[in-house]
Amino acid sequence: MSEKYTKFEKARIIGARALQLAFGAPPLVKVPKGTINPIDLAEVEFDKGVIPITILKEN
């Protein structure tokens, strides 16, 4: 992940992706063994930088 996000932006991205996963969206990474919580999976995706969600910042 090359961009720096605030803790609020990170929480919003992970929350939005977890909701998508909970409603049946396919995971973008190999699911770690024992992972059933969509929030945990969304955090793994965020850490790997594969979530297709961006934050537009105004200057």
# chains A, B, ... in the order shown; residues from 1 in each chain; ligands from 1
>>> residues_around(residues="range 30-37 of chain A", least_positions_apart="2", cutoff="12 Å", atoms="only C-alpha atoms", output="number ranges by chain")
A: 15, 17-19, 21-22, 26-28, 39-45, 48, 50
>>> select_by_dssp(residues="chain A", states="alpha helix (DSSP H)", output="PDB file with C-alpha atoms, in the first residue's frame")
ATOM      1  CA  LYS A   7      -7.671   5.810  10.515  1.00  0.00           C
ATOM      2  CA  PHE A   8     -11.129   7.017   9.468  1.00  0.00           C
ATOM      3  CA  GLU A   9     -10.495   6.395   5.771  1.00  0.00           C
ATOM      4  CA  LYS A  10      -9.057   2.965   6.546  1.00  0.00           C
ATOM      5  CA  ALA A  11     -12.098   2.079   8.659  1.00  0.00           C
ATOM      6  CA  ARG A  12     -14.461   3.231   5.896  1.00  0.00           C
ATOM      7  CA  ILE A  13     -12.654   1.222   3.208  1.00  0.00           C
ATOM      8  CA  ILE A  14     -12.483  -1.937   5.315  1.00  0.00           C
ATOM      9  CA  GLY A  15     -16.110  -1.558   6.404  1.00  0.00           C
ATOM     10  CA  ALA A  16     -17.362  -1.084   2.852  1.00  0.00           C
ATOM     11  CA  ARG A  17     -15.359  -4.071   1.587  1.00  0.00           C
ATOM     12  CA  ALA A  18     -16.497  -6.250   4.525  1.00  0.00           C
ATOM     13  CA  LEU A  19     -20.105  -5.442   3.642  1.00  0.00           C
ATOM     14  CA  GLN A  20     -19.478  -6.476   0.039  1.00  0.00           C
ATOM     15  CA  LEU A  21     -17.903  -9.740   1.214  1.00  0.00           C
ATOM     16  CA  ALA A  22     -20.773 -10.409   3.613  1.00  0.00           C
ATOM     17  CA  PRO A  38     -15.668 -10.639   6.555  1.00  0.00           C
ATOM     18  CA  ILE A  39     -13.964  -7.835   8.495  1.00  0.00           C
ATOM     19  CA  ASP A  40     -10.854  -9.956   9.006  1.00  0.00           C
ATOM     20  CA  LEU A  41     -10.782 -10.845   5.316  1.00  0.00           C
ATOM     21  CA  ALA A  42     -11.268  -7.196   4.338  1.00  0.00           C
ATOM     22  CA  GLU A  43      -8.295  -6.264   6.556  1.00  0.00           C
ATOM     23  CA  VAL A  44      -6.135  -8.861   4.784  1.00  0.00           C
ATOM     24  CA  GLU A  45      -7.186  -7.432   1.422  1.00  0.00           C
ATOM     25  CA  PHE A  46      -6.465  -3.890   2.637  1.00  0.00           C
ATOM     26  CA  ASP A  47      -3.005  -4.839   3.877  1.00  0.00           C
ATOM     27  CA  LYS A  48      -2.207  -6.418   0.505  1.00  0.00           C
TER      28      LYS A  48
END
